[in-house]
file entry-v6.cif (mmCIF, C-alpha atoms and all ligand atoms)
data_protein
loop_
_atom_site.label_atom_id
_atom_site.label_comp_id
_atom_site.auth_asym_id
_atom_site.auth_seq_id
_atom_site.Cartn_x
_atom_site.Cartn_y
_atom_site.Cartn_z
CA MET N 14 170.64 89.44 165.79
CA ASN N 15 169.83 85.76 165.87
CA ARG N 16 170.71 85.15 162.28
CA GLU N 17 173.89 83.26 163.12
CA LYS N 18 171.70 80.35 164.18
CA THR N 19 169.79 80.16 160.94
CA LYS N 20 172.25 81.56 158.45
CA GLN N 21 173.73 79.03 156.07
CA LYS N 22 175.31 81.13 153.36
CA THR N 23 176.92 84.52 153.08
CA ARG N 24 174.21 87.09 152.41
CA VAL N 25 174.64 89.57 149.60
CA PHE N 26 172.64 92.72 148.96
CA SER N 27 173.00 95.16 146.11
CA GLY N 28 170.88 97.46 143.99
CA VAL N 29 170.66 99.66 140.93
CA GLN N 30 168.58 102.79 140.46
CA PRO N 31 166.01 102.70 137.65
CA SER N 32 167.10 106.11 136.41
CA GLY N 33 168.99 106.52 133.16
CA ASP N 34 170.08 103.62 130.99
CA LEU N 35 172.17 100.68 132.19
CA HIS N 36 175.57 100.60 130.54
CA ILE N 37 178.56 98.30 130.38
CA GLY N 38 180.02 100.01 133.47
CA ASN N 39 177.01 98.79 135.45
CA TYR N 40 177.39 95.36 133.89
CA LEU N 41 181.15 94.94 134.38
CA GLY N 42 181.36 96.77 137.71
CA ALA N 43 178.29 95.23 139.27
CA ILE N 44 175.64 92.99 137.69
CA ARG N 45 177.93 90.51 135.96
CA ARG N 46 179.75 89.78 139.19
CA TRP N 47 176.50 89.35 141.09
CA ALA N 48 175.42 86.76 138.57
CA ALA N 49 178.77 84.95 138.62
CA GLU N 50 178.78 84.54 142.40
CA GLN N 51 175.10 83.99 143.07
CA TYR N 52 175.21 80.20 143.36
CA LEU N 53 177.53 80.27 146.37
CA LYS N 54 175.53 82.85 148.32
CA GLU N 55 172.10 84.04 149.41
CA ASN N 56 171.36 87.09 147.29
CA TYR N 57 169.01 90.06 147.31
CA PHE N 58 169.14 92.25 144.22
CA CYS N 59 166.95 95.30 144.40
CA ILE N 60 165.69 97.86 141.91
CA VAL N 61 165.89 100.98 144.05
CA ASP N 62 163.05 103.14 142.78
CA MET N 63 162.89 105.11 146.04
CA HIS N 64 166.49 106.16 145.51
CA ALA N 65 165.70 107.18 141.94
CA ILE N 66 163.10 109.79 142.98
CA THR N 67 165.64 111.71 145.08
CA VAL N 68 165.94 113.65 141.84
CA TYR N 69 162.78 114.21 139.79
CA GLN N 70 161.81 111.38 137.44
CA ASP N 71 159.00 111.46 134.94
CA PRO N 72 156.51 108.92 136.40
CA GLU N 73 155.87 107.11 133.10
CA VAL N 74 159.58 106.86 132.39
CA LEU N 75 160.29 105.65 135.93
CA ARG N 76 157.75 102.83 135.53
CA ARG N 77 159.31 101.78 132.22
CA LYS N 78 162.89 101.95 133.52
CA THR N 79 161.98 99.97 136.63
CA ARG N 80 160.81 97.10 134.41
CA ASP N 81 163.86 97.57 132.19
CA VAL N 82 166.29 97.15 135.07
CA ALA N 83 164.44 94.09 136.34
CA ALA N 84 164.50 92.54 132.85
CA LEU N 85 168.18 93.37 132.47
CA TYR N 86 169.04 91.75 135.80
CA VAL N 87 167.53 88.52 134.55
CA ALA N 88 168.97 88.93 131.05
CA CYS N 89 172.46 89.46 132.52
CA GLY N 90 172.22 86.08 134.21
CA ILE N 91 170.70 86.71 137.62
CA ASP N 92 168.62 83.62 138.15
CA PRO N 93 165.33 84.40 139.93
CA ALA N 94 165.15 80.82 141.17
CA ILE N 95 168.38 81.40 143.08
CA SER N 96 168.45 85.13 143.79
CA THR N 97 165.70 87.37 145.09
CA ILE N 98 164.97 90.16 142.59
CA PHE N 99 162.60 92.82 143.87
CA ILE N 100 161.51 96.43 143.71
CA GLN N 101 162.39 98.52 146.76
CA SER N 102 159.01 100.29 147.04
CA HIS N 103 157.25 96.90 147.12
CA VAL N 104 158.73 96.25 150.56
CA PRO N 105 157.58 99.00 152.96
CA ALA N 106 160.12 97.99 155.62
CA HIS N 107 162.75 99.97 153.69
CA ALA N 108 160.96 103.27 154.32
CA GLU N 109 160.14 102.39 157.92
CA CYS N 110 163.70 101.44 158.73
CA THR N 111 165.02 104.61 157.09
CA TRP N 112 163.08 106.79 159.52
CA ILE N 113 164.54 105.01 162.52
CA LEU N 114 168.08 105.08 161.13
CA ASN N 115 167.66 108.79 160.32
CA CYS N 116 167.36 109.34 164.02
CA VAL N 117 170.78 107.84 164.76
CA THR N 118 172.59 109.43 161.80
CA PRO N 119 174.22 112.84 162.32
CA VAL N 120 173.55 115.26 159.45
CA GLY N 121 177.30 115.92 159.34
CA TRP N 122 177.90 112.36 158.12
CA LEU N 123 175.55 112.94 155.19
CA VAL N 124 176.75 116.35 154.00
CA ARG N 125 180.25 114.88 153.75
CA MET N 126 179.25 112.23 151.19
CA THR N 127 180.99 112.75 147.85
CA GLN N 128 177.99 111.74 145.77
CA TYR N 129 175.79 114.21 147.66
CA LYS N 130 178.28 117.01 147.15
CA VAL N 131 178.55 116.31 143.43
CA LYS N 132 174.81 115.88 142.81
CA SER N 133 173.70 118.80 144.97
CA ALA N 134 176.20 121.15 143.33
CA VAL N 135 174.46 120.85 139.96
CA GLN N 136 170.91 121.30 141.21
CA GLU N 137 168.97 124.46 141.86
CA SER N 138 166.97 122.92 144.64
CA VAL N 139 168.18 119.92 146.61
CA SER N 140 165.58 117.57 148.10
CA THR N 141 165.82 116.26 151.64
CA GLY N 142 165.70 112.81 150.02
CA LEU N 143 168.96 113.44 148.18
CA LEU N 144 170.71 114.18 151.47
CA ASP N 145 169.05 111.19 153.12
CA TYR N 146 169.81 108.83 150.24
CA PRO N 147 172.66 106.99 152.04
CA VAL N 148 170.43 106.27 155.04
CA LEU N 149 167.89 104.61 152.74
CA GLN N 150 170.79 102.65 151.27
CA ALA N 151 171.89 101.64 154.78
CA SER N 152 168.35 100.40 155.45
CA ASP N 153 168.42 98.33 152.26
CA ILE N 154 171.55 96.59 153.40
CA LEU N 155 170.93 96.28 157.15
CA LEU N 156 167.36 94.96 156.88
CA TYR N 157 168.75 91.81 155.26
CA ASP N 158 171.70 91.37 157.63
CA ALA N 159 173.83 91.40 154.51
CA ASP N 160 177.45 90.38 154.99
CA GLU N 161 178.64 91.62 151.61
CA VAL N 162 177.69 94.50 149.33
CA PRO N 163 179.18 94.13 145.85
CA VAL N 164 179.41 97.59 144.27
CA GLY N 165 181.60 99.75 142.09
CA GLU N 166 184.14 102.08 143.64
CA ASP N 167 181.76 105.06 143.74
CA GLN N 168 179.54 103.31 146.29
CA LYS N 169 182.25 102.32 148.74
CA GLN N 170 181.73 105.44 150.82
CA HIS N 171 178.02 104.70 151.21
CA VAL N 172 178.74 101.18 152.42
CA GLU N 173 181.26 102.56 154.89
CA LEU N 174 178.62 104.96 156.17
CA THR N 175 176.27 101.99 156.50
CA ARG N 176 178.85 100.33 158.73
CA ASP N 177 179.07 103.47 160.89
CA ILE N 178 175.27 103.65 161.20
CA ALA N 179 175.05 99.93 162.09
CA GLN N 180 177.75 100.25 164.73
CA ARG N 181 176.17 103.32 166.24
CA PHE N 182 172.76 101.67 166.41
CA ASN N 183 174.27 98.52 167.92
CA ARG N 184 176.02 100.62 170.56
CA LEU N 185 172.87 102.54 171.45
CA TYR N 186 170.32 99.75 171.36
CA GLY N 187 172.24 96.47 171.57
CA GLU N 188 173.50 94.09 168.87
CA THR N 189 170.93 94.34 166.10
CA PHE N 190 172.74 94.65 162.79
CA VAL N 191 175.41 92.75 160.91
CA VAL N 192 178.17 95.20 159.93
CA PRO N 193 178.55 94.67 156.17
CA GLU N 194 181.66 94.70 153.98
CA PRO N 195 181.84 96.53 150.64
CA ARG N 196 183.15 94.26 147.88
CA LEU N 197 184.87 95.97 144.99
CA PRO N 198 186.09 94.22 141.85
CA ALA N 199 189.85 94.15 141.24
CA SER N 200 189.32 95.36 137.70
CA GLY N 201 186.28 97.14 136.29
CA ALA N 202 185.51 99.04 139.49
CA ARG N 203 185.45 102.18 137.45
CA ILE N 204 184.71 102.00 133.76
CA ARG N 205 185.36 105.40 132.25
CA ALA N 206 183.30 107.47 129.84
CA PHE N 207 184.30 106.94 126.20
CA ASN N 208 183.93 110.63 125.42
CA ASP N 209 185.93 111.71 128.50
CA PRO N 210 188.14 109.06 130.10
CA THR N 211 188.92 111.35 133.02
CA ARG N 212 185.35 110.67 134.27
CA LYS N 213 183.41 107.55 135.11
CA MET N 214 180.74 106.25 132.79
CA SER N 215 177.45 107.35 134.30
CA LYS N 216 173.81 106.28 133.87
CA SER N 217 172.60 109.85 133.96
CA GLU N 218 174.72 110.64 130.90
CA ALA N 219 174.27 107.34 129.07
CA GLN N 220 172.01 109.06 126.55
CA VAL N 221 174.68 111.56 125.57
CA ARG N 222 176.11 110.30 122.28
CA GLY N 223 179.53 108.78 122.64
CA HIS N 224 179.48 108.65 126.44
CA ALA N 225 178.59 105.01 127.05
CA VAL N 226 177.65 101.70 125.49
CA ARG N 227 174.20 100.89 126.83
CA LEU N 228 173.26 97.27 127.36
CA VAL N 229 170.47 97.56 124.79
CA ASP N 230 172.46 99.39 122.08
CA PRO N 231 172.44 97.80 118.61
CA PRO N 232 175.79 96.68 117.09
CA ASP N 233 176.16 99.67 114.75
CA GLU N 234 175.72 102.12 117.58
CA ILE N 235 178.32 100.23 119.62
CA ARG N 236 180.82 100.33 116.73
CA MET N 237 180.24 104.04 116.31
CA VAL N 238 180.70 104.86 120.01
CA ILE N 239 183.90 102.84 120.35
CA LYS N 240 185.31 104.22 117.12
CA ARG N 241 184.89 107.73 118.46
CA ALA N 242 186.25 106.89 121.93
CA VAL N 243 188.78 109.46 123.16
CA THR N 244 192.32 108.03 123.41
CA ASP N 245 195.62 109.94 123.19
CA THR N 246 198.16 111.03 120.62
CA GLY N 247 200.54 108.12 121.36
CA ARG N 248 200.62 104.67 119.79
CA GLU N 249 201.30 102.33 122.66
CA ILE N 250 198.64 99.76 123.56
CA ARG N 251 199.36 98.70 127.12
CA PHE N 252 197.70 98.72 130.52
CA SER N 253 198.72 101.83 132.41
CA ASP N 254 197.83 104.06 135.38
CA ASP N 255 199.06 107.12 133.53
CA PRO N 256 196.12 109.59 133.33
CA GLN N 257 197.26 110.43 129.78
CA LYS N 258 196.56 106.80 128.78
CA ALA N 259 193.22 106.52 130.60
CA GLY N 260 191.24 106.12 127.36
CA VAL N 261 193.37 103.25 126.01
CA ASN N 262 193.54 101.64 129.45
CA ASN N 263 189.74 101.77 129.71
CA LEU N 264 189.35 99.97 126.36
CA LEU N 265 191.91 97.37 127.40
CA GLU N 266 190.20 96.77 130.73
CA ILE N 267 186.88 96.21 129.01
CA TYR N 268 188.57 93.79 126.62
CA GLU N 269 190.22 92.02 129.56
CA LEU N 270 186.97 91.68 131.50
CA LEU N 271 185.04 90.35 128.52
CA THR N 272 187.64 87.94 127.16
CA ALA N 273 189.18 86.85 130.50
CA GLU N 274 192.59 86.82 128.82
CA SER N 275 195.68 87.79 130.81
CA ARG N 276 197.11 91.29 130.55
CA LEU N 277 200.34 89.92 129.13
CA ASP N 278 198.50 88.03 126.40
CA ILE N 279 196.39 91.06 125.58
CA GLU N 280 199.39 93.36 125.29
CA ALA N 281 201.16 90.79 123.13
CA HIS N 282 198.04 90.46 120.95
CA PHE N 283 197.90 94.21 120.30
CA ALA N 284 201.65 94.77 119.98
CA GLY N 285 202.37 96.65 116.76
CA LYS N 286 198.68 97.33 116.09
CA GLY N 287 197.12 100.80 116.00
CA TYR N 288 194.30 102.33 118.02
CA ALA N 289 191.85 101.79 115.16
CA GLU N 290 192.37 98.03 115.32
CA LEU N 291 192.12 98.06 119.12
CA LYS N 292 188.78 99.85 118.85
CA GLU N 293 187.43 97.50 116.20
CA GLU N 294 188.27 94.47 118.31
CA VAL N 295 186.90 95.95 121.50
CA ALA N 296 183.63 96.83 119.73
CA GLU N 297 183.23 93.25 118.43
CA VAL N 298 183.94 91.75 121.84
CA ILE N 299 181.27 93.99 123.39
CA ILE N 300 178.73 93.18 120.67
CA GLU N 301 179.22 89.44 121.17
CA ALA N 302 178.95 89.74 124.95
CA LEU N 303 175.73 91.75 124.72
CA ARG N 304 174.02 89.65 122.05
CA PRO N 305 172.55 86.96 124.36
CA ILE N 306 171.67 89.59 126.97
CA GLN N 307 169.73 91.61 124.41
CA GLU N 308 167.84 88.55 123.15
CA ARG N 309 166.72 87.58 126.64
CA TYR N 310 165.85 91.19 127.48
CA GLN N 311 163.63 91.49 124.39
CA SER N 312 161.72 88.35 125.25
CA LEU N 313 161.15 89.49 128.85
CA ILE N 314 159.98 92.94 127.84
CA SER N 315 157.58 91.60 125.22
CA ASP N 316 155.95 89.19 127.69
CA PRO N 317 155.21 91.22 130.86
CA ALA N 318 153.61 88.29 132.73
CA GLU N 319 156.89 86.45 133.33
CA LEU N 320 158.56 89.56 134.75
CA ASP N 321 155.52 90.39 136.91
CA ASP N 322 155.68 86.92 138.44
CA ILE N 323 159.40 87.22 139.14
CA LEU N 324 158.89 90.58 140.87
CA ALA N 325 155.88 89.44 142.91
CA ASP N 326 157.76 86.39 144.08
CA GLY N 327 160.83 88.53 144.83
CA ALA N 328 158.81 91.02 146.91
CA ALA N 329 157.33 88.16 148.95
CA ARG N 330 160.75 86.62 149.60
CA ALA N 331 162.29 89.99 150.51
CA SER N 332 159.37 90.87 152.82
CA ALA N 333 159.79 87.57 154.64
CA VAL N 334 163.24 88.79 155.75
CA ALA N 335 162.76 92.56 156.00
CA GLY N 336 159.35 92.43 157.71
CA PRO N 337 160.47 90.58 160.86
CA LYS N 338 163.72 92.57 160.91
CA VAL N 339 161.93 95.91 161.00
CA GLN N 340 159.77 94.61 163.86
CA GLU N 341 162.95 93.76 165.75
CA ILE N 342 164.33 97.27 165.08
CA LYS N 343 161.10 98.91 166.28
CA ALA N 344 161.16 96.84 169.45
CA ARG N 345 164.81 97.80 170.03
CA VAL N 346 164.10 101.53 169.97
CA GLY N 347 161.16 101.15 172.33
CA PHE N 348 158.11 101.32 170.09
CA LEU N 349 155.11 99.72 171.72
CA GLN N 350 153.98 96.62 169.89
CA LYS N 351 150.49 96.87 168.43
CA LYS N 352 148.04 94.38 169.89
CA PRO N 353 146.91 92.06 167.08
CA CYS N 354 143.37 92.99 166.09
CA GLU N 355 140.74 90.37 165.22
CA GLY N 356 140.39 89.99 161.46
CA LEU N 357 143.45 92.08 160.62
P1 LIG F 401 174.38 103.43 139.42
O1 LIG F 401 174.50 103.47 137.94
O2 LIG F 401 175.08 104.58 140.08
O3 LIG F 401 172.98 103.19 139.93
O4 LIG F 401 175.22 102.15 139.90
C1 LIG F 401 174.78 100.81 139.84
C2 LIG F 401 175.95 99.89 140.13
O5 LIG F 401 176.90 99.95 139.05
C3 LIG F 401 176.76 100.28 141.38
O6 LIG F 401 177.25 99.11 142.01
C4 LIG F 401 177.88 101.10 140.83
O7 LIG F 401 179.01 101.13 141.66
C5 LIG F 401 178.16 100.39 139.51
N1 LIG F 401 178.69 101.33 138.52
C6 LIG F 401 178.09 102.46 138.06
N2 LIG F 401 178.84 103.09 137.15
C7 LIG F 401 179.97 102.34 137.03
C8 LIG F 401 181.15 102.46 136.24
N3 LIG F 401 181.33 103.47 135.39
N4 LIG F 401 182.09 101.51 136.37
C9 LIG F 401 181.92 100.47 137.22
N5 LIG F 401 180.84 100.29 137.99
C10 LIG F 401 179.87 101.21 137.90
N1 LIG F 402 173.20 103.88 145.66
C1 LIG F 402 173.47 102.77 144.79
C2 LIG F 402 173.91 103.29 143.42
O1 LIG F 402 173.55 104.34 143.00
C3 LIG F 402 172.27 101.90 144.60
C4 LIG F 402 171.87 101.23 145.88
C5 LIG F 402 170.79 101.51 146.64
C6 LIG F 402 172.57 100.18 146.52
N2 LIG F 402 170.73 100.69 147.70
C7 LIG F 402 171.80 99.88 147.67
C8 LIG F 402 173.75 99.50 146.25
C9 LIG F 402 172.22 98.90 148.57
C10 LIG F 402 174.15 98.52 147.15
C11 LIG F 402 173.39 98.21 148.31
O2 LIG F 402 174.61 102.57 142.76
#
call {"tool": "encode", "arguments": {"input": "entry-v6.cif", "output": "structure tokens"}}
result
Amino acid sequence: MNREKTKQKTRVFSGVQPSGDLHIGNYLGAIRRWAAEQYLKENYFCIVDMHAITVYQDPEVLRRKTRDVAALYVACGIDPAISTIFIQSHVPAHAECTWILNCVTPVGWLVRMTQYKVKSAVQESVSTGLLDYPVLQASDILLYDADEVPVGEDQKQHVELTRDIAQRFNRLYGETFVVPEPRLPASGARIRAFNDPTRKMSKSEAQVRGHAVRLVDPPDEIRMVIKRAVTDTGREIRFSDDPQKAGVNNLLEIYELLTAESRLDIEAHFAGKGYAELKEEVAEVIIEALRPIQERYQSLISDPAELDDILADGAARASAVAGPKVQEIKARVGFLQKKPCEGL
């Protein structure tokens, strides 16, 4: 772990699966923050296609969604000149590292993961990959010696497991990995579903009408979804932890995150107004926030060459870090180094 000598800036790693449609929960809980903080740090933002196939994906759809997520990263303000944007399967070190980390990870740690329990409960047949998913995630993070992992609340447990795996490896084989910190946002860590505010907004359900606002939804669709958002039978528009008020609180949090106004000002602004007005205003704020993102997304999707270049460059930059790191890991566990072969 010689990075201390060369490291200038805090390293950040995060990723999104190219399954389902990106929604404002992904934006507010994750991507927007990555973009806001990128200039102060050294960043790796991955499109985790290997994670996506832990449940079956139609190959054509997976290819399209992988490009979509990459385009949306850029459209949401991640600057490829500053941050490394890449596709996980383009950097083979992720798979190699996963095998080695599998061998220091007790199965008991994996069966205890909440996301595994939830996802496996609704499937007839559970793939080994679904169980192993957090070890692949640990590889993503540890290969880059990331200090910080900005994620929504649902991913905190996986980052904590990553810390346990790193510490165990370091104990067994000597100091190899940086032990990363999860970074959760104060607000927006858990944007709730509009059709059921007891649950989080989820990519896998983003196509269900009324569940989410997707980043690419047109204004009329956004107005319709917000208008139908589940609230409560009361009238009070205020921030609250009361589960009964989760729907209204969710709308207010979105408004807060997008306008950057204080909670006091927001409550004063809506005092005496009804839920219908709250919804209309929230919808307009979302539409305005998404407008520039959608314009940039459209231009990137209609000209594939620019995106291809960004991803090729990203894979090269990521490999330059992950490649040497996986060699270090292999040496640590006692793999014999291959003698360089003429011409190869
Ligand atoms: P996923 O959609 O599970 O691939 O998550 C991608 C990123 O978005 C992760 O950092 C998640 O924690 C975050 N995220 C996903 N859903 C939400 C949500 N409803 N609210 C806030 N953050 C979310
Ligand atoms: N499991 C994460 C999710 O579903 C995505 C992910 C994969 C990730 N590798 C990562 C997030 C590494 C942070 C760091 O949201």
call {"tool": "closest_residue", "arguments": {"input": "entry-v6.cif", "among": "N:Ile279, N:Ala344, N:Ile299, N:Ala159", "to": "ligand LIG 402 (chain F)", "atoms": "all atoms listed in the file"}}
result
N:Ala159
call {"tool": "atom_distance", "arguments": {"input": "entry-v6.cif", "atom1": "CA of Gly347 (chain N)", "atom2": "CA of Thr189 (chain N)"}}
result
13.4 Å
call {"tool": "axis_aligned_box", "arguments": {"input": "entry-v6.cif", "around": "ligand LIG 402 (chain F)", "padding_each_side": "8 Å", "output": "AutoDock Vina command-line options"}}
result
--center_x 172.7 --center_y 101.3 --center_z 145.7 --size_x 19.9 --size_y 22.1 --size_z 21.8
call {"tool": "atom_distance", "arguments": {"input": "entry-v6.cif", "atom1": "CA of Val148 (chain N)", "atom2": "CA of Val117 (chain N)"}}
result
9.9 Å
call {"tool": "closest_residue", "arguments": {"input": "entry-v6.cif", "among": "N:Thr23, N:Gln170, N:Thr246, N:Ser133", "to": "ligand LIG 402 (chain F)", "atoms": "only C-alpha atoms and all ligand atoms"}}
result
N:Gln170
call {"tool": "closest_residue", "arguments": {"input": "entry-v6.cif", "among": "N:Leu35, N:Leu270, N:Ala289, N:Leu114", "to": "ligand LIG 401 (chain F)", "atoms": "all atoms listed in the file"}}
result
N:Leu35
call {"tool": "residues_near_ligand", "arguments": {"input": "entry-v6.cif", "ligand": "ligand LIG 401 (chain F)", "cutoff": "6 Å", "atoms": "only C-alpha atoms and all ligand atoms", "output": "PyMOL selection string"}}
result
chain N and resi 29-30+38-39+42-43+164-168+201-205+213-216
call {"tool": "write_last_selection", "arguments": {"input": "entry-v6.cif", "atoms": "C-alpha atoms", "output": "JSON list (two decimals), in the frame of the given file"}}
result
[["chain", "number", "residue", "atom", "x", "y", "z"],
["N", 29, "VAL", "CA", 170.66, 99.66, 140.93],
["N", 30, "GLN", "CA", 168.58, 102.79, 140.46],
["N", 38, "GLY", "CA", 180.02, 100.01, 133.47],
["N", 39, "ASN", "CA", 177.01, 98.79, 135.45],
["N", 42, "GLY", "CA", 181.36, 96.77, 137.71],
["N", 43, "ALA", "CA", 178.29, 95.23, 139.27],
["N", 164, "VAL", "CA", 179.41, 97.59, 144.27],
["N", 165, "GLY", "CA", 181.60, 99.75, 142.09],
["N", 166, "GLU", "CA", 184.14, 102.08, 143.64],
["N", 167, "ASP", "CA", 181.76, 105.06, 143.74],
["N", 168, "GLN", "CA", 179.54, 103.31, 146.29],
["N", 201, "GLY", "CA", 186.28, 97.14, 136.29],
["N", 202, "ALA", "CA", 185.51, 99.04, 139.49],
["N", 203, "ARG", "CA", 185.45, 102.18, 137.45],
["N", 204, "ILE", "CA", 184.71, 102.00, 133.76],
["N", 205, "ARG", "CA", 185.36, 105.40, 132.25],
["N", 213, "LYS", "CA", 183.41, 107.55, 135.11],
["N", 214, "MET", "CA", 180.74, 106.25, 132.79],
["N", 215, "SER", "CA", 177.45, 107.35, 134.30],
["N", 216, "LYS", "CA", 173.81, 106.28, 133.87]]
call {"tool": "residues_around", "arguments": {"input": "entry-v6.cif", "residues": "Asp71 (chain N)", "least_positions_apart": "5", "cutoff": "10 Å", "atoms": "only C-alpha atoms", "output": "VMD selection string"}}
result
chain N and resid 32 66 76
call {"tool": "atom_distance", "arguments": {"input": "entry-v6.cif", "atom1": "CA of Trp122 (chain N)", "atom2": "CA of Arg345 (chain N)"}}
result
22.9 Å
call {"tool": "residues_near_ligand", "arguments": {"input": "entry-v6.cif", "ligand": "ligand LIG 402 (chain F)", "cutoff": "6 Å", "atoms": "only C-alpha atoms and all ligand atoms", "output": "PDB file with C-alpha atoms, keeping the file's coordinate frame"}}
result
ATOM      1  CA  PHE N  26     172.640  92.720 148.960  1.00  0.00           C
ATOM      2  CA  SER N  27     173.000  95.160 146.110  1.00  0.00           C
ATOM      3  CA  GLY N  28     170.880  97.460 143.990  1.00  0.00           C
ATOM      4  CA  VAL N  29     170.660  99.660 140.930  1.00  0.00           C
ATOM      5  CA  GLN N  30     168.580 102.790 140.460  1.00  0.00           C
ATOM      6  CA  VAL N  61     165.890 100.980 144.050  1.00  0.00           C
ATOM      7  CA  GLN N 150     170.790 102.650 151.270  1.00  0.00           C
ATOM      8  CA  ASP N 153     168.420  98.330 152.260  1.00  0.00           C
ATOM      9  CA  ILE N 154     171.550  96.590 153.400  1.00  0.00           C
ATOM     10  CA  VAL N 162     177.690  94.500 149.330  1.00  0.00           C
TER      11      VAL N 162
END
call {"tool": "residues_around", "arguments": {"input": "entry-v6.cif", "residues": "region 275-278 of chain N", "least_positions_apart": "3", "cutoff": "10 Å", "atoms": "all atoms listed in the file", "output": "PDB file with C-alpha atoms, keeping the file's coordinate frame"}}
result
ATOM      1  CA  ARG N 251     199.360  98.700 127.120  1.00  0.00           C
ATOM      2  CA  PHE N 252     197.700  98.720 130.520  1.00  0.00           C
ATOM      3  CA  LEU N 265     191.910  97.370 127.400  1.00  0.00           C
ATOM      4  CA  GLU N 266     190.200  96.770 130.730  1.00  0.00           C
ATOM      5  CA  TYR N 268     188.570  93.790 126.620  1.00  0.00           C
ATOM      6  CA  GLU N 269     190.220  92.020 129.560  1.00  0.00           C
ATOM      7  CA  LEU N 270     186.970  91.680 131.500  1.00  0.00           C
ATOM      8  CA  THR N 272     187.640  87.940 127.160  1.00  0.00           C
ATOM      9  CA  ALA N 281     201.160  90.790 123.130  1.00  0.00           C
ATOM     10  CA  HIS N 282     198.040  90.460 120.950  1.00  0.00           C
ATOM     11  CA  PHE N 283     197.900  94.210 120.300  1.00  0.00           C
ATOM     12  CA  ALA N 284     201.650  94.770 119.980  1.00  0.00           C
TER      13      ALA N 284
END
call {"tool": "residues_near_point", "arguments": {"input": "entry-v6.cif", "point": "(179.4, 93.5, 154.8)", "cutoff": "10 Å", "atoms": "all atoms listed in the file", "output": "PDB file with C-alpha atoms, keeping the file's coordinate frame"}}
result
ATOM      1  CA  THR N  23     176.920  84.520 153.080  1.00  0.00           C
ATOM      2  CA  ARG N  24     174.210  87.090 152.410  1.00  0.00           C
ATOM      3  CA  VAL N  25     174.640  89.570 149.600  1.00  0.00           C
ATOM      4  CA  PHE N  26     172.640  92.720 148.960  1.00  0.00           C
ATOM      5  CA  ILE N 154     171.550  96.590 153.400  1.00  0.00           C
ATOM      6  CA  LEU N 155     170.930  96.280 157.150  1.00  0.00           C
ATOM      7  CA  ASP N 158     171.700  91.370 157.630  1.00  0.00           C
ATOM      8  CA  ALA N 159     173.830  91.400 154.510  1.00  0.00           C
ATOM      9  CA  ASP N 160     177.450  90.380 154.990  1.00  0.00           C
ATOM     10  CA  GLU N 161     178.640  91.620 151.610  1.00  0.00           C
ATOM     11  CA  VAL N 162     177.690  94.500 149.330  1.00  0.00           C
ATOM     12  CA  PRO N 163     179.180  94.130 145.850  1.00  0.00           C
ATOM     13  CA  VAL N 172     178.740 101.180 152.420  1.00  0.00           C
ATOM     14  CA  GLU N 173     181.260 102.560 154.890  1.00  0.00           C
ATOM     15  CA  THR N 175     176.270 101.990 156.500  1.00  0.00           C
ATOM     16  CA  ARG N 176     178.850 100.330 158.730  1.00  0.00           C
ATOM     17  CA  VAL N 191     175.410  92.750 160.910  1.00  0.00           C
ATOM     18  CA  VAL N 192     178.170  95.200 159.930  1.00  0.00           C
ATOM     19  CA  PRO N 193     178.550  94.670 156.170  1.00  0.00           C
ATOM     20  CA  GLU N 194     181.660  94.700 153.980  1.00  0.00           C
ATOM     21  CA  PRO N 195     181.840  96.530 150.640  1.00  0.00           C
ATOM     22  CA  ARG N 196     183.150  94.260 147.880  1.00  0.00           C
TER      23      ARG N 196
END
call {"tool": "closest_atom_pairs", "arguments": {"input": "entry-v6.cif", "of": "region 172-238 of chain N", "to": "region 307-316 of chain N", "cutoff": "9 Å", "atoms": "all atoms listed in the file", "output": "JSON lines"}}
result
{"residue": "N:Leu228", "atom": "CA", "partner": "N:Gln307", "partner_atom": "CA", "distance": 7.3}
{"residue": "N:Val229", "atom": "CA", "partner": "N:Gln307", "partner_atom": "CA", "distance": 6.0}
{"residue": "N:Asp230", "atom": "CA", "partner": "N:Gln307", "partner_atom": "CA", "distance": 8.6}
{"residue": "N:Pro231", "atom": "CA", "partner": "N:Gln307", "partner_atom": "CA", "distance": 8.9}
call {"tool": "closest_residue", "arguments": {"input": "entry-v6.cif", "among": "N:Val226, N:Tyr129, N:Asn115, N:Ile239", "to": "Arg181 (chain N)", "atoms": "only C-alpha atoms"}}
result
N:Asn115
call {"tool": "residues_around", "arguments": {"input": "entry-v6.cif", "residues": "Ile235 (chain N)", "least_positions_apart": "2", "cutoff": "12 Å", "atoms": "only C-alpha atoms", "output": "number ranges by chain"}}
result
N: 36-37, 207, 222-233, 237-242, 292-304
call {"tool": "closest_residue", "arguments": {"input": "entry-v6.cif", "among": "N:Glu109, N:Asp34, N:Asp254, N:Glu274", "to": "Arg77 (chain N)", "atoms": "all atoms listed in the file"}}
result
N:Asp34
call {"tool": "closest_residue", "arguments": {"input": "entry-v6.cif", "among": "N:Lys22, N:Lys352, N:His171, N:Lys132", "to": "Val68 (chain N)", "atoms": "all atoms listed in the file"}}
result
N:Lys132
call {"tool": "residues_around", "arguments": {"input": "entry-v6.cif", "residues": "Ala48 (chain N)", "least_positions_apart": "6", "cutoff": "12 Å", "atoms": "all atoms listed in the file", "output": "list in words"}}
result
Val25, Ser27, Tyr40, Leu41, Gly42, Lys54, Glu55, Asn56, Tyr57, Phe58, Leu85, Tyr86, Val87, Ala88, Cys89, Gly90, Ile91, Asp92, Pro93, Ile95, Ser96, Thr97, Ile98 and Pro163 of chain N
